[in-house]
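Okay, work-v2.txt is below, compact mmCIF, C-alpha atoms and all ligand atoms:
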# COMPACT_ATOMS: atom_id res chain seq x y z
CA MET A 1 0.00 0.00 0.00
CA ASN A 2 1.77 3.12 -1.14
CA GLN A 3 -1.14 5.56 -1.45
CA LEU A 4 -3.03 7.67 1.06
CA LEU A 5 -6.42 9.18 0.29
CA LEU A 6 -7.32 12.37 2.13
CA TYR A 7 -10.69 14.17 2.23
CA CYS A 8 -10.85 17.96 2.24
CA ARG A 9 -13.30 20.77 1.52
CA SER A 10 -13.99 21.12 -2.19
CA GLY A 11 -11.72 23.86 -3.55
CA PHE A 12 -8.95 23.14 -1.02
CA GLU A 13 -7.28 20.21 -2.80
CA LYS A 14 -4.14 22.25 -3.47
CA GLU A 15 -3.79 23.09 0.23
CA CYS A 16 -4.46 19.52 1.32
CA ALA A 17 -1.91 18.21 -1.20
CA GLY A 18 0.70 20.83 -0.33
CA GLU A 19 0.32 20.05 3.35
CA ILE A 20 0.58 16.26 3.13
CA GLN A 21 3.60 16.50 0.85
CA ASP A 22 5.25 19.01 3.15
CA LYS A 23 4.56 17.12 6.38
CA ALA A 24 5.36 13.68 4.98
CA SER A 25 8.66 14.90 3.52
CA GLN A 26 9.57 16.42 6.91
CA GLN A 27 9.31 12.82 8.20
CA GLY A 28 11.43 11.47 5.33
CA VAL A 29 8.48 10.19 3.27
CA PHE A 30 8.62 11.38 -0.30
CA GLY A 31 6.05 11.17 -3.04
CA PHE A 32 3.62 13.15 -5.14
CA CYS A 33 -0.08 14.01 -5.13
CA LYS A 34 -2.82 13.27 -7.60
CA LEU A 35 -5.65 15.73 -7.43
CA SER A 36 -8.42 17.23 -9.48
CA LYS A 37 -10.00 20.61 -9.02
CA ASP A 38 -12.94 20.73 -6.59
CA ALA A 39 -12.93 16.92 -6.15
CA ALA A 40 -12.83 17.22 -2.33
CA PHE A 41 -10.10 14.59 -2.02
CA VAL A 42 -6.44 14.10 -2.81
CA ILE A 43 -4.28 11.00 -3.26
CA PHE A 44 -0.71 11.04 -1.98
CA GLU A 45 1.47 8.38 -3.58
CA ALA A 46 4.70 7.62 -1.74
CA TYR A 47 7.80 6.19 -3.38
CA GLU A 48 8.20 3.66 -0.56
CA SER A 49 5.26 1.83 0.91
CA GLU A 50 6.99 0.87 4.18
CA ALA A 51 7.93 4.47 4.91
CA LEU A 52 4.34 5.49 4.20
CA ALA A 53 2.95 2.80 6.52
CA THR A 54 5.20 4.01 9.35
CA PHE A 55 4.29 7.64 8.70
CA TYR A 56 0.59 6.77 8.59
CA ARG A 57 0.84 4.87 11.88
CA ASP A 58 3.00 7.38 13.78
CA TYR A 59 2.18 10.84 12.44
CA ASP A 60 -0.58 12.44 14.50
CA PHE A 61 -3.61 13.00 12.23
CA THR A 62 -4.70 15.99 14.29
CA ASN A 63 -1.57 17.82 13.05
CA LEU A 64 -3.09 17.99 9.57
CA ILE A 65 -5.01 21.21 9.02
CA PHE A 66 -6.74 20.72 5.68
CA ALA A 67 -7.47 16.97 5.77
CA ARG A 68 -10.81 15.84 7.19
CA GLN A 69 -9.99 12.15 6.99
CA TRP A 70 -7.20 9.94 5.73
CA PHE A 71 -6.87 6.27 4.92
CA LEU A 72 -4.44 3.90 3.22
CA LEU A 73 -5.62 2.68 -0.16
CA VAL A 74 -5.89 -1.07 -0.52
CA ASP A 75 -5.96 -0.98 -4.32
CA ASP A 76 -6.38 1.34 -7.30
CA LEU A 77 -9.87 2.59 -8.19
CA LEU A 78 -12.30 -0.37 -8.18
CA GLN A 79 -14.74 -0.72 -11.03
CA LEU A 80 -18.06 -1.88 -9.58
CA ASN A 81 -20.80 -3.59 -11.52
CA PRO A 82 -24.02 -1.77 -10.52
CA ALA A 83 -25.82 -5.13 -10.63
CA ASP A 84 -23.43 -6.57 -8.01
CA ARG A 85 -21.13 -4.10 -6.34
CA ILE A 86 -20.69 -6.23 -3.25
CA SER A 87 -18.78 -9.15 -4.83
CA THR A 88 -16.00 -6.93 -6.17
CA VAL A 89 -15.51 -5.24 -2.81
CA VAL A 90 -15.45 -8.54 -0.90
CA GLU A 91 -13.09 -10.15 -3.43
CA THR A 92 -10.71 -7.17 -3.31
CA ALA A 93 -10.68 -7.23 0.49
CA LEU A 94 -9.99 -10.98 0.54
CA ALA A 95 -7.26 -10.70 -2.12
CA ALA A 96 -5.58 -8.07 0.09
CA GLU A 97 -5.94 -10.47 3.08
CA LEU A 98 -7.97 -7.97 5.09
CA SER A 99 -9.61 -9.34 8.22
CA ALA A 100 -10.99 -8.44 11.67
CA PHE A 101 -12.12 -4.88 10.82
CA GLY A 102 -14.33 -3.29 13.44
CA GLU A 103 -16.40 -0.98 11.27
CA LEU A 104 -17.42 -0.31 7.67
CA ARG A 105 -17.93 3.24 6.41
CA VAL A 106 -19.38 3.78 2.95
CA GLU A 107 -18.54 7.39 2.12
CA TYR A 108 -18.43 9.82 -0.80
CA PRO A 109 -16.81 13.17 -1.66
CA GLU A 110 -18.39 16.30 -0.17
CA THR A 111 -19.25 17.79 -3.57
CA ASN A 112 -22.62 18.36 -5.23
CA ASP A 113 -22.11 15.25 -7.36
CA GLY A 114 -20.76 13.30 -4.41
CA LYS A 115 -23.76 14.10 -2.24
CA THR A 116 -26.06 12.44 -4.79
CA LEU A 117 -24.37 9.18 -3.71
CA SER A 118 -25.54 9.45 -0.11
CA THR A 119 -28.68 7.33 -0.66
CA LEU A 120 -26.72 4.65 -2.50
CA ALA A 121 -24.06 4.67 0.23
CA ARG A 122 -26.74 4.17 2.88
CA LYS A 123 -28.45 1.39 0.91
CA LEU A 124 -25.19 -0.41 0.23
CA THR A 125 -23.93 -0.32 3.80
CA VAL A 126 -26.13 -3.02 5.40
CA PRO A 127 -25.81 -5.78 2.76
CA LEU A 128 -22.11 -5.04 2.22
CA ARG A 129 -21.49 -5.21 5.95
CA GLN A 130 -23.26 -8.59 6.11
CA SER A 131 -21.20 -9.98 3.21
CA LEU A 132 -17.95 -8.69 4.69
CA ARG A 133 -18.84 -10.28 8.04
CA LYS A 134 -19.57 -13.59 6.37
CA ALA A 135 -16.20 -13.42 4.61
CA GLY A 136 -14.37 -12.65 7.89
CA VAL A 137 -13.24 -9.22 6.69
CA LEU A 138 -15.37 -7.57 9.36
CA LEU A 139 -15.74 -8.79 12.93
CA GLN A 140 -19.18 -10.16 13.79
CA LYS A 141 -19.87 -7.17 16.02
CA GLU A 142 -18.95 -3.52 15.53
CA ASN A 143 -15.75 -2.76 17.46
CA SER A 144 -14.61 0.85 17.81
CA ARG A 145 -11.03 -0.20 18.69
CA ALA A 146 -10.44 -2.29 15.56
CA ALA A 147 -9.44 -0.92 12.15
CA VAL A 148 -12.01 0.84 9.95
CA LEU A 149 -12.74 -0.24 6.38
CA HIS A 150 -13.65 2.65 4.05
CA LEU A 151 -15.43 2.35 0.74
CA PHE A 152 -15.19 5.79 -0.85
CA MET A 153 -17.68 5.97 -3.72
CA LEU A 154 -16.80 8.20 -6.66
CA SER A 155 -19.85 7.10 -8.64
CA GLY A 156 -22.31 4.22 -8.74
CA SER A 157 -19.69 2.18 -10.56
CA SER A 158 -16.34 3.17 -9.03
CA ALA A 159 -14.92 3.41 -5.55
CA TYR A 160 -11.73 3.31 -3.53
CA LEU A 161 -11.27 0.76 -0.74
CA GLY A 162 -9.06 1.75 2.16
CA ILE A 163 -8.21 1.26 5.83
CA SER A 164 -7.75 3.58 8.77
CA TYR A 165 -7.02 3.11 12.47
CA PRO A 166 -9.34 4.49 15.13
CA GLU A 167 -6.47 5.82 17.25
CA ASN A 168 -5.32 8.06 14.41
CA ASN A 169 -8.25 8.95 12.13
CA SER A 170 -11.36 11.10 12.25
CA PRO A 171 -14.12 9.24 14.10
CA LEU A 172 -16.71 11.04 11.97
CA GLU A 173 -18.58 9.76 8.92
CA ASN A 174 -17.02 11.46 5.87
CA GLY A 175 -14.78 13.29 8.36
CA ILE A 176 -17.58 15.83 8.86
CA MET A 177 -18.95 17.21 12.11
CA ARG A 178 -22.63 17.84 11.44
CA LEU A 179 -24.21 20.24 13.92
CA LYS A 180 -27.72 21.54 14.25
CA PHE A 181 -28.07 25.30 13.92
CA PRO A 182 -29.59 26.62 17.17
CA ALA A 183 -32.73 28.54 16.14
CA ASP A 184 -32.08 31.32 18.66
CA ALA A 185 -28.46 31.99 17.60
CA PRO A 186 -27.90 35.31 15.82
CA SER A 187 -25.69 33.98 13.00
CA ARG A 188 -24.62 30.74 11.35
CA SER A 189 -21.04 31.54 12.39
CA THR A 190 -22.05 30.18 15.77
CA LEU A 191 -21.46 26.66 14.41
CA LYS A 192 -17.77 27.44 13.81
CA LEU A 193 -17.10 28.08 17.48
CA GLU A 194 -19.24 25.14 18.56
CA GLU A 195 -17.30 22.85 16.19
CA ALA A 196 -14.00 24.35 17.39
CA PHE A 197 -14.87 23.55 21.02
CA LEU A 198 -15.80 19.99 20.07
CA GLN A 199 -12.68 19.62 17.92
CA PHE A 200 -10.09 21.14 20.22
CA ILE A 201 -11.25 20.69 23.82
CA PRO A 202 -11.67 17.13 25.13
CA LYS A 203 -15.19 16.69 26.51
CA ASP A 204 -13.91 15.52 29.90
CA GLU A 205 -12.13 18.87 30.35
CA TRP A 206 -15.15 21.06 29.59
CA ASP A 207 -15.94 21.31 33.31
CA THR A 208 -12.73 23.22 33.92
CA ARG A 209 -12.03 24.88 30.56
CA LEU A 210 -15.48 25.81 29.24
CA THR A 211 -17.48 26.43 32.29
CA SER A 212 -19.92 28.82 33.94
CA GLY A 213 -18.64 32.03 35.44
CA MET A 214 -15.56 32.22 33.20
CA ARG A 215 -14.80 35.52 31.51
CA ALA A 216 -14.37 35.75 27.78
CA VAL A 217 -13.60 38.46 25.26
CA ASP A 218 -15.00 38.19 21.72
CA LEU A 219 -13.18 40.41 19.19
CA GLY A 220 -15.23 41.07 16.05
CA ALA A 221 -18.31 39.78 17.84
CA CYS A 222 -21.27 41.11 15.86
CA PRO A 223 -24.00 40.02 15.49
CA GLY A 224 -23.04 37.53 18.20
CA GLY A 225 -22.84 33.94 16.92
CA TRP A 226 -19.63 33.24 18.83
CA THR A 227 -20.77 35.21 21.89
CA TYR A 228 -23.91 33.04 21.84
CA GLN A 229 -21.76 29.91 22.37
CA LEU A 230 -20.00 31.52 25.34
CA VAL A 231 -23.24 32.83 26.85
CA LYS A 232 -24.82 29.38 26.44
CA ARG A 233 -22.00 28.05 28.62
CA SER A 234 -22.90 30.67 31.27
CA MET A 235 -19.79 32.80 30.72
CA MET A 236 -19.56 36.56 31.10
CA VAL A 237 -18.61 38.05 27.74
CA THR A 238 -17.06 41.32 26.63
CA ALA A 239 -18.04 41.77 22.98
CA ILE A 240 -15.92 44.12 20.86
CA ASP A 241 -17.24 45.33 17.51
CA ASN A 242 -18.45 48.54 15.89
CA GLY A 243 -21.59 46.76 14.70
CA MET A 244 -24.77 45.83 16.55
CA MET A 245 -25.09 42.83 18.87
CA ALA A 246 -28.31 40.78 18.84
CA GLN A 247 -30.67 42.14 21.48
CA SER A 248 -31.43 38.62 22.70
CA LEU A 249 -27.80 38.30 23.84
CA MET A 250 -27.71 41.73 25.47
CA ASP A 251 -30.92 40.81 27.35
CA THR A 252 -29.15 37.89 29.08
CA GLY A 253 -27.20 40.39 31.20
CA GLN A 254 -24.04 38.32 30.51
CA VAL A 255 -22.73 40.54 27.71
CA LYS A 256 -21.00 43.92 27.75
CA HIS A 257 -20.63 45.43 24.30
CA PHE A 258 -17.97 48.04 23.43
CA GLN A 259 -17.95 49.65 20.01
CA VAL A 260 -14.18 50.00 19.77
CA ASP A 261 -11.34 48.69 17.62
CA GLY A 262 -10.43 45.10 18.52
CA PHE A 263 -6.76 45.91 17.97
CA LYS A 264 -6.86 48.70 20.56
CA PHE A 265 -8.97 47.05 23.26
CA SER A 266 -7.32 45.65 26.36
CA PRO A 267 -9.02 44.20 29.44
CA ASP A 268 -8.73 46.22 32.67
CA LYS A 269 -8.31 43.07 34.81
CA LYS A 270 -6.36 39.84 34.27
CA ASN A 271 -9.41 37.68 34.82
CA VAL A 272 -10.22 36.74 31.22
CA TYR A 273 -9.87 33.02 30.44
CA TRP A 274 -11.00 32.90 26.80
CA LEU A 275 -10.11 35.21 23.93
CA VAL A 276 -12.04 34.44 20.75
CA CYS A 277 -11.56 36.41 17.58
CA ASP A 278 -13.36 36.28 14.24
CA MET A 279 -12.31 39.69 12.88
CA ILE A 280 -11.87 39.87 9.13
CA GLU A 281 -8.25 41.00 9.06
CA LYS A 282 -4.85 39.99 7.72
CA PRO A 283 -3.85 36.65 9.31
CA GLN A 284 -0.43 38.03 10.35
CA ARG A 285 -2.13 40.87 12.25
CA VAL A 286 -4.52 38.53 14.02
CA GLY A 287 -1.68 36.12 14.94
CA GLN A 288 0.35 39.00 16.34
CA LEU A 289 -2.63 40.24 18.36
CA VAL A 290 -3.29 36.83 19.93
CA CYS A 291 0.42 36.60 20.86
CA ASP A 292 0.15 39.98 22.60
CA TRP A 293 -2.85 38.78 24.61
CA LEU A 294 -1.05 35.63 25.73
CA ILE A 295 2.25 37.38 26.50
CA ASN A 296 0.48 40.15 28.45
CA GLU A 297 -1.39 37.48 30.45
CA TRP A 298 -4.73 38.85 29.27
CA CYS A 299 -6.05 35.34 28.49
CA GLN A 300 -5.26 31.66 29.00
CA GLU A 301 -6.71 30.13 25.86
CA SER A 302 -7.73 31.47 22.52
CA ILE A 303 -9.69 30.33 19.50
CA PHE A 304 -9.38 32.52 16.43
CA ASN A 305 -9.89 32.40 12.72
CA LEU A 306 -7.26 33.14 10.11
CA LYS A 307 -9.07 34.44 7.03
CA LEU A 308 -7.52 33.16 3.81
CA PRO A 309 -8.71 35.12 0.77
CA MET A 310 -5.21 34.87 -0.78
CA LYS A 311 -3.85 32.28 -3.24
CA LYS A 312 -1.13 30.78 -1.01
CA ARG A 313 -3.40 29.64 1.79
CA TYR A 314 -1.36 26.75 3.22
CA GLU A 315 1.86 28.76 3.09
CA THR A 316 0.17 31.69 4.85
CA VAL A 317 -1.09 29.48 7.69
CA VAL A 318 2.36 27.92 8.15
CA GLU A 319 3.99 31.36 8.14
CA VAL A 320 1.60 32.77 10.77
CA LEU A 321 1.81 29.72 13.04
CA ASP A 322 5.63 29.69 12.81
CA MET A 323 5.75 33.41 13.61
CA MET A 324 3.46 32.86 16.62
CA ARG A 325 5.43 29.85 17.92
CA GLN A 326 8.65 31.82 17.70
CA LYS A 327 7.23 34.90 19.44
CA LEU A 328 5.67 32.89 22.26
CA ASP A 329 8.81 30.83 22.64
CA GLU A 330 10.96 33.97 22.87
CA ALA A 331 8.61 35.22 25.57
CA GLY A 332 9.22 31.99 27.48
CA LEU A 333 5.65 30.72 27.18
CA ASP A 334 4.77 27.05 27.11
CA VAL A 335 1.88 26.70 24.66
CA GLU A 336 -0.04 24.11 22.69
CA PHE A 337 -1.32 24.84 19.17
CA GLN A 338 -3.99 23.14 17.13
CA ALA A 339 -5.31 24.30 13.76
CA LYS A 340 -8.05 22.89 11.58
CA HIS A 341 -10.00 23.74 8.48
CA LEU A 342 -13.32 22.99 10.16
CA TYR A 343 -16.40 21.76 8.31
CA HIS A 344 -18.15 25.07 9.09
CA ASP A 345 -15.15 27.15 8.00
CA ARG A 346 -15.03 28.53 4.49
CA GLU A 347 -12.01 30.56 3.30
CA GLU A 348 -10.42 30.41 6.73
CA VAL A 349 -8.94 28.05 9.26
CA THR A 350 -9.56 27.94 12.99
CA VAL A 351 -6.68 27.92 15.45
CA HIS A 352 -6.61 27.05 19.13
CA VAL A 353 -3.78 28.04 21.41
CA ARG A 354 -3.50 27.21 25.08
CA LYS A 355 -1.02 28.55 27.57
CA PHE A 356 0.21 26.25 30.37
C1 LIG A 401 -17.19 37.45 10.45
S1 LIG A 401 -17.85 38.76 11.37
C2 LIG A 401 -17.98 38.07 12.97
C3 LIG A 401 -19.16 37.16 13.14
C4 LIG A 401 -19.31 36.73 14.58
N1 LIG A 401 -18.22 35.88 15.00
C5 LIG A 401 -20.60 35.97 14.76
O1 LIG A 401 -20.54 34.76 15.03
O2 LIG A 401 -21.67 36.58 14.68
C6 LIG A 401 -16.51 39.85 11.56
C7 LIG A 401 -16.76 41.01 12.44
O3 LIG A 401 -15.50 41.61 12.74
C8 LIG A 401 -15.72 42.98 12.93
N2 LIG A 401 -14.42 43.68 12.83
C9 LIG A 401 -13.58 43.74 11.79
N3 LIG A 401 -12.49 44.48 12.11
C10 LIG A 401 -12.65 44.84 13.39
C11 LIG A 401 -11.86 45.59 14.29
N4 LIG A 401 -10.70 46.10 13.94
N5 LIG A 401 -12.31 45.76 15.55
C12 LIG A 401 -13.49 45.24 15.95
N6 LIG A 401 -14.29 44.52 15.12
C13 LIG A 401 -13.87 44.33 13.86
C14 LIG A 401 -16.73 43.35 11.85
O4 LIG A 401 -17.44 44.51 12.22
C15 LIG A 401 -17.63 42.10 11.83
O5 LIG A 401 -18.79 42.28 12.61

Take the structure from the file and write it as structure tokens.
Amino acid sequence: MNQLLLYCRSGFEKECAGEIQDKASQQGVFGFCKLSKDAAFVIFEAYESEALATFYRDYDFTNLIFARQWFLLVDDLLQLNPADRISTVVETALAAELSAFGELRVEYPETNDGKTLSTLARKLTVPLRQSLRKAGVLLQKENSRAAVLHLFMLSGSSAYLGISYPENNSPLENGIMRLKFPADAPSRSTLKLEEAFLQFIPKDEWDTRLTSGMRAVDLGACPGGWTYQLVKRSMMVTAIDNGMMAQSLMDTGQVKHFQVDGFKFSPDKKNVYWLVCDMIEKPQRVGQLVCDWLINEWCQESIFNLKLPMKKRYETVVEVLDMMRQKLDEAGLDVEFQAKHLYHDREEVTVHVRKF
């Protein structure tokens, strides 16, 4: 197996490819990418399959920013007979000596064409699972600790078969975190911060890191989608933006709104835990601002978006994160970074930084 398939947002194939090539080569794994425009996936082909297997096992998936999921390809693109897709899949799995998988996921690219395959994927899952169980490819019962078998449908008559490991993959179907829009939230942006919390903060730490009574500052807050997430968690929020905040949030009594420049605002007390920032500004400026907040001890953790309207999106993210790491390191701070192109993000990535 010398190929990795990675899912990404449609339109971000170049970033996903650039990133996997960059990060794999840093680990001594060399190869090239096959991609097509707006396909919502990329294939990385390594020159050495053993090196790729080691990289795939040891490299932390959460370090990848633009990939939503990754798996090792078992074979080249399978041609499936629409009258009997199952036999080809089972035969391919047996020929590759696959056994004892804990779960089957039938998936498809997150494109308009891809989404038309969702009904077929659902219909195929149950009979394919039964046949794979009979053949010993899948365990008799679903097991979340065993390897995952992916069938990634490109059409009704072609698909890729691949494997991933639960300790180092996305646990989500299609690598996508689907969230319900809360009817009382003032903007759809609210889902970005909700997804960021779910992505970056382990649930068993929410009691101490996302809890009632904490103070938060929201820079570029209007109309209040991100503030809504903080208010919902019973925090006290200072919202900074020249625009108007939703009255429903102001009525909670948990929000103070200042119509000032987010780059000039500073808190008068060092009691703010969270800084969140969704200002539409140059990524370098936002990165610099978050560093200032951390260095000045104005916050402990921050979630912020880097807007990426430019062509060199991956390079820009790397440049800003490197600049931030260096600045914080020079200031003697011990920090943890995570960055992800979230499902609810568009031309932007979301970054989390925590100070210890
Ligand atoms: C993408 S919107 C934020 C949406 C918000 N997170 C939500 O969920 O409703 C960006 C906001 O940043 C604000 N903004 C841009 N530059 C700013 C600055 N220098 N200071 C304060 N706010 C700024 C804009 O007024 C705008 O309301």

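Residue neighbourhood of Ser144 in chain A, excluding near-sequence residues (fewer than 6 positions): A:Gly102, A:Glu103, A:Pro166, at 8 Å, using all atoms listed in the file.
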
Please provide as JSON, numbers by chain all residues within 10 Å of range 335-338 of chain A, with the sequence filter that same-chain residues fewer than 4 positions apart are discarded (counting all atoms listed in the file).
{"A": [62, 63, 64, 65, 199, 200, 294, 300, 301, 302, 303, 321, 324, 325, 328, 329, 350, 351, 352, 353, 354, 355, 356]}

Which neighbours of range 278-293 of chain A fall inside 9 Å, counting all atoms listed in the file, when residues of the same chain fewer than 6 positions from it are skipped, and could you give them as number ranges by chain?
A: 218-221, 226, 241, 262-263, 266, 299-300, 302-308, 316-317, 319-321, 323-325, 327-328, 353

Protein and nucleic acid residues within 9 Å of ligand LIG 401 (chain A) (only C-alpha atoms and all ligand atoms) as a ChimeraX atom specification:
/A:185-193,218-229,240-246,259-265,276-281

Would you work out the distance separating CA of Gln27 in chain A from CA of Tyr59 in chain A, expressed in Å to one decimal?
8.5 Å
